[in-house]
Amino acid sequence: MNPDKFLTIAESLRRHQRADLRDYEVQLENPVETLYVDPLPNEAVLKTALSRNTTFLVGRKGTGKSTVFARAQSEIRKQSDLLSIYIDVKALYDLIAANEASVQLVQNSDVSDGILRAHLLRKHFLGTIVNDIIDELEQAASHISLWKRWTGKGQKYEEAIKKIKSVGAKVADPKLTEEEVPILRLVEAKTRAKELAREERRNKAQGSASLATTGPALSLGNSLDDFDEALSEQEVYTKYSDAVLRSFPFASLLSEIRELLKNVSINRLIVFLDDFSELNWLDQRLFVDVILAPLNNSSSESIKLKVAAYPGRIYYGRIDPSKVDTLYLDFSLLYKAADIQTAEQNAIDYTSRLLLRRFEAFGENIRDYFDSSMEQGDYMRTIFEVTLNVPRLMGYLLHQLYLDRVAKLQPITNAAIRLAAQKYYDTVIAKYFDRMNRYALEPFDKKLDRHNQASLLRTIVEEAKNVRREIASGDLGGAYFHGLANPPVSHFSVTPTLEKVLSSLELNFLVSKYHEMRNKDGQDVTIYALSYGLCEAERLPWGYPSGRRDDRSYFVQRCFDYTRAIHQFLSKNQTIRCDNCSACFNMDQRDKFEFFKWRCPDCPMGRCAVINLGEEFRKEVEDLDEKVMLDPVELQILEALQEEKMAMRAGEISTLLDTTYQLVGKRTEKLRDMGLVDKELIDGFNRSQITDRAQSIYFRSA
């Protein structure tokens, strides 16, 4: 047993940043290829990523999307007729926000500064993406074309690069074109009309007959929120995105890229785009419609995209979904089978292959770390149940096991794995709702959504406890549960229409989609599983009884159908409201509103949307101390320093937060000035450490 090696293995799985694994090149000759384990037999996932089609790789955080991309790029580099580049979309987005790029406002455009600034900042982000693609292309092409310069093609190559950079310079300067002014005026008019309507409703509510026509009501608010709200109407958005697209010289850019590829004898450029779903909905749509769709649809097969996205947060826009490969990495879809047991076995096989390869690569035998009385299949199954096959969660689990057992030279037992799952939930996941709502500087709507998600989770947990209690008393289930002293209640079923409602909880691993099947009435239902750590914390048995003849039907017993309970929760916490006439409608009618594009049935002008009801929570938020609130990324930096309990470089922190070291460096300087972080030069590197003041403010219960 080698605790240091075990910790290295845990860290190699736990890191958030792109899995190029350069830190392990000293220990491993080719870490990307040595450590890679495909989730499917015969490397089917890798082969899909290397296909000639545009590919969307879909999975929650930590499911291995970046690892697949890194492995695919290492394979592409071996082929002389292919060229690949990698863009971390979220990191680029964060850097632009951190640098607060200046924009040049245009005089006499009849557009307010707020609307104009929001528009030009958005164009700056899109232009930066295009220029990053150009920079990556230049670097990649220069490496493979060096030998061609001796054969007379060097001059053509230099000319092609020069032309591409010239086009890129035009894209990088977010100037306002004449075509964009009319749509921005329309956006401003929409915003002004909505503000007037809101003011009128406020006056009516206050019993005032007068309507202010100047002052704050028409200031339009110089924020992105007003801009986004105006573009929520499909017709306005379409006109806007078309105008932005026309302002980008894509025709000449694509022509020059094709010429460059031809000059260096490259048949295809593969663009890997990571963390695409981290953008907000409007930025994601513009990113697809202004950049991805033109690259994909107008490149004559010379450019192919590989996009990493989250489930439920994919926008295809003008990219035809039927002409792209979409591969899901989450367990329930990747290993989907006719029965749960087959899906589980395929997933456990991947868990075993992944961990065995990782230990062998670092020269360790995994059996040396686990209780010898346990069968290998038993602890692999437990690790699967705790992590549901998410490699990053496996890393967190191993890290906790290192602290609890391996560092003390004690073997890992099944009980230790369950305890580690509970500790991860208690120290990381459970703190998410409270700390972010209390200390994150963000719009009220985000806090309200998170508050409602926490309330929904409590509703589900209480329902599970009630079901367990009533099964034990014999009030539920009858003879089916006879002989079960401690019936598992970790899984529940809902109608598929409620999947959107559970999506935020799922993205944060509080619940996970487990299976799709039919209930006793022959209706389709979706089976979800509560987090293993949550179940341990709440003393709820996880799983289902094995060895019974009818165990496959356990999850569809009527007592585990939570559809009604969730609908009751929604009826108390959400409604459908018109933005024009303020009419409200029951959430049961959501499908009908989606079909009719959210048009209001009571007025011709209005558009409806789901509204969270949270007046009581609004009072809680108003009582919070804004003086101690931080940007979410700053709060995450403090959480990382608190959890790791050591001084860390910006690069080390960034690997835990899935962001860039540049952004971390800027924010730790700000936190230092606020007295929340100490920075000190140690071993030639600036390292940050959380202060006692920060611990007393933000982690009193930690």
# chains A, B, ... in the order shown; residues from 1 in each chain; ligands from 1
$ residues_around --residues "Leu403 in chain A" --least-positions-apart "4" --cutoff "12 Å" --atoms "only C-alpha atoms" --output "VMD selection string"
chain A and resid 3 to 4 6 to 7 10 396 to 399 407 to 412 416 to 417 419 to 420 423 to 424 644
$ residues_around --residues "Phe685 in chain A" --least-positions-apart "3" --cutoff "8 Å" --atoms "only C-alpha atoms" --output "ChimeraX atom specification"
/A:649,681-682
$ write_last_selection --atoms "C-alpha atoms" --output "mmCIF file, in the first residue's frame"
data_model
loop_
_atom_site.group_PDB
_atom_site.id
_atom_site.type_symbol
_atom_site.label_atom_id
_atom_site.label_comp_id
_atom_site.auth_asym_id
_atom_site.auth_seq_id
_atom_site.Cartn_x
_atom_site.Cartn_y
_atom_site.Cartn_z
ATOM 1 C CA ARG A 649 -1.180 28.169 -6.931
ATOM 2 C CA LEU A 681 5.673 33.550 -2.633
ATOM 3 C CA ILE A 682 6.515 29.903 -1.844
#
$ atom_distance --atom1 "CA of Ala243 in chain A" --atom2 "CA of Val307 in chain A"
24.7 Å
$ select_by_dssp --residues "range 286-472 of chain A" --states "alpha helix (DSSP H)" --output "JSON, numbers by chain"
{"A": [286, 293, 294, 295, 296, 297, 331, 332, 333, 334, 340, 341, 342, 343, 344, 345, 346, 347, 348, 349, 350, 351, 352, 353, 354, 355, 356, 357, 358, 359, 360, 361, 376, 377, 378, 379, 380, 381, 382, 383, 384, 385, 386, 387, 391, 392, 393, 394, 395, 396, 397, 398, 399, 400, 401, 402, 403, 404, 414, 415, 416, 417, 418, 419, 420, 421, 422, 423, 424, 430, 431, 432, 433, 434, 435, 436, 437, 438, 439, 444, 445, 446, 447, 448, 449, 450, 451, 452, 453, 454, 455, 456, 457, 458, 459, 460, 461, 462, 463, 464, 465, 466, 467, 468, 469, 470, 471, 472]}
$ closest_residue --among "A:Ala464, A:Ile266, A:Ala440, A:Leu50" --to "Gln636 in chain A" --atoms "only C-alpha atoms"
A:Ala440
$ closest_residue --among "A:Thr427, A:Thr351, A:Ser51, A:Ser373" --to "Lys304 in chain A" --atoms "only C-alpha atoms"
A:Ser51
$ closest_residue --among "A:Phe433, A:Tyr310, A:Phe287, A:Tyr439" --to "Ala694 in chain A" --atoms "only C-alpha atoms"
A:Tyr439
$ residues_around --residues "Glu43 in chain A" --least-positions-apart "5" --cutoff "12 Å" --atoms "only C-alpha atoms" --output "ChimeraX atom specification"
/A:36-38,48-50,68,71-72,350
$ write_last_selection --atoms "N, CA and C atoms" --output "PDB file, in the first residue's frame"
ATOM      1  N   TYR A  36      -6.402   6.437 -20.822  1.00  0.00           N
ATOM      2  CA  TYR A  36      -7.747   6.471 -21.414  1.00  0.00           C
ATOM      3  C   TYR A  36      -8.400   5.093 -21.410  1.00  0.00           C
ATOM      4  N   VAL A  37      -9.638   5.050 -20.953  1.00  0.00           N
ATOM      5  CA  VAL A  37     -10.463   3.842 -21.009  1.00  0.00           C
ATOM      6  C   VAL A  37     -11.792   4.236 -21.627  1.00  0.00           C
ATOM      7  N   ASP A  38     -12.156   3.608 -22.710  1.00  0.00           N
ATOM      8  CA  ASP A  38     -13.389   3.966 -23.402  1.00  0.00           C
ATOM      9  C   ASP A  38     -14.599   3.449 -22.627  1.00  0.00           C
ATOM     10  N   THR A  48     -16.585   7.247 -32.453  1.00  0.00           N
ATOM     11  CA  THR A  48     -17.648   8.201 -32.799  1.00  0.00           C
ATOM     12  C   THR A  48     -17.093   9.620 -32.822  1.00  0.00           C
ATOM     13  N   ALA A  49     -16.240   9.939 -31.843  1.00  0.00           N
ATOM     14  CA  ALA A  49     -15.638  11.274 -31.800  1.00  0.00           C
ATOM     15  C   ALA A  49     -14.704  11.508 -32.983  1.00  0.00           C
ATOM     16  N   LEU A  50     -14.174  10.427 -33.555  1.00  0.00           N
ATOM     17  CA  LEU A  50     -13.260  10.554 -34.696  1.00  0.00           C
ATOM     18  C   LEU A  50     -13.971  10.422 -36.042  1.00  0.00           C
ATOM     19  N   VAL A  68     -12.343  12.314 -23.612  1.00  0.00           N
ATOM     20  CA  VAL A  68     -12.569  11.765 -24.952  1.00  0.00           C
ATOM     21  C   VAL A  68     -11.970  12.695 -26.000  1.00  0.00           C
ATOM     22  N   ARG A  71      -8.160  12.395 -26.025  1.00  0.00           N
ATOM     23  CA  ARG A  71      -7.735  11.138 -26.661  1.00  0.00           C
ATOM     24  C   ARG A  71      -7.939  11.210 -28.176  1.00  0.00           C
ATOM     25  N   ALA A  72      -9.040  11.803 -28.616  1.00  0.00           N
ATOM     26  CA  ALA A  72      -9.301  11.920 -30.049  1.00  0.00           C
ATOM     27  C   ALA A  72      -8.247  12.801 -30.721  1.00  0.00           C
ATOM     28  N   TYR A 350     -17.392  -0.902 -16.950  1.00  0.00           N
ATOM     29  CA  TYR A 350     -16.591   0.290 -17.235  1.00  0.00           C
ATOM     30  C   TYR A 350     -15.895   0.797 -15.970  1.00  0.00           C
TER      31      TYR A 350
END
$ closest_residue --among "A:Arg192, A:Tyr425, A:Ile637, A:Leu126" --to "Arg672 in chain A" --atoms "only C-alpha atoms"
A:Ile637
$ closest_residue --among "A:Ile85, A:Cys559, A:Leu484, A:Met605" --to "Pro545 in chain A" --atoms "only C-alpha atoms"
A:Leu484
$ closest_residue --among "A:Arg15, A:Leu671, A:Asn296, A:Ser322" --to "Ile653 in chain A" --atoms "only C-alpha atoms"
A:Arg15
$ select_by_dssp --residues "range 202-399 of chain A" --states "strand (DSSP E)" --output "ChimeraX atom specification"
/A:268-274,303-309,325-328
$ write_last_selection --atoms "C-alpha atoms" --output "JSON list (two decimals), in the first residue's frame"
[["chain", "number", "residue", "atom", "x", "y", "z"],
["A", 268, "ARG", "CA", -10.31, 18.24, -42.82],
["A", 269, "LEU", "CA", -10.12, 20.58, -39.84],
["A", 270, "ILE", "CA", -11.71, 19.23, -36.63],
["A", 271, "VAL", "CA", -12.71, 21.89, -34.09],
["A", 272, "PHE", "CA", -13.24, 20.65, -30.52],
["A", 273, "LEU", "CA", -15.46, 22.99, -28.49],
["A", 274, "ASP", "CA", -15.60, 22.23, -24.77],
["A", 303, "ILE", "CA", -14.56, 21.63, -41.18],
["A", 304, "LYS", "CA", -16.19, 19.33, -38.64],
["A", 305, "LEU", "CA", -17.25, 20.24, -35.12],
["A", 306, "LYS", "CA", -16.99, 18.20, -31.94],
["A", 307, "VAL", "CA", -19.07, 19.85, -29.21],
["A", 308, "ALA", "CA", -19.27, 18.96, -25.51],
["A", 309, "ALA", "CA", -22.64, 19.78, -23.93],
["A", 325, "ASP", "CA", -23.90, 12.22, -34.17],
["A", 326, "THR", "CA", -25.19, 12.78, -30.63],
["A", 327, "LEU", "CA", -23.65, 10.48, -28.02],
["A", 328, "TYR", "CA", -24.72, 10.50, -24.36]]
$ atom_distance --atom1 "CA of Leu82 in chain A" --atom2 "CA of Asn297 in chain A"
18.9 Å
$ residues_around --residues "Phe276 in chain A" --least-positions-apart "4" --cutoff "12 Å" --atoms "only C-alpha atoms" --output "MDAnalysis selection string"
chainID A and resid 56:61 65:66 87:93 129 272 280:281 283:288 292 305:311 313:316
$ atom_distance --atom1 "CA of Tyr532 in chain A" --atom2 "CA of Ala421 in chain A"
6.7 Å
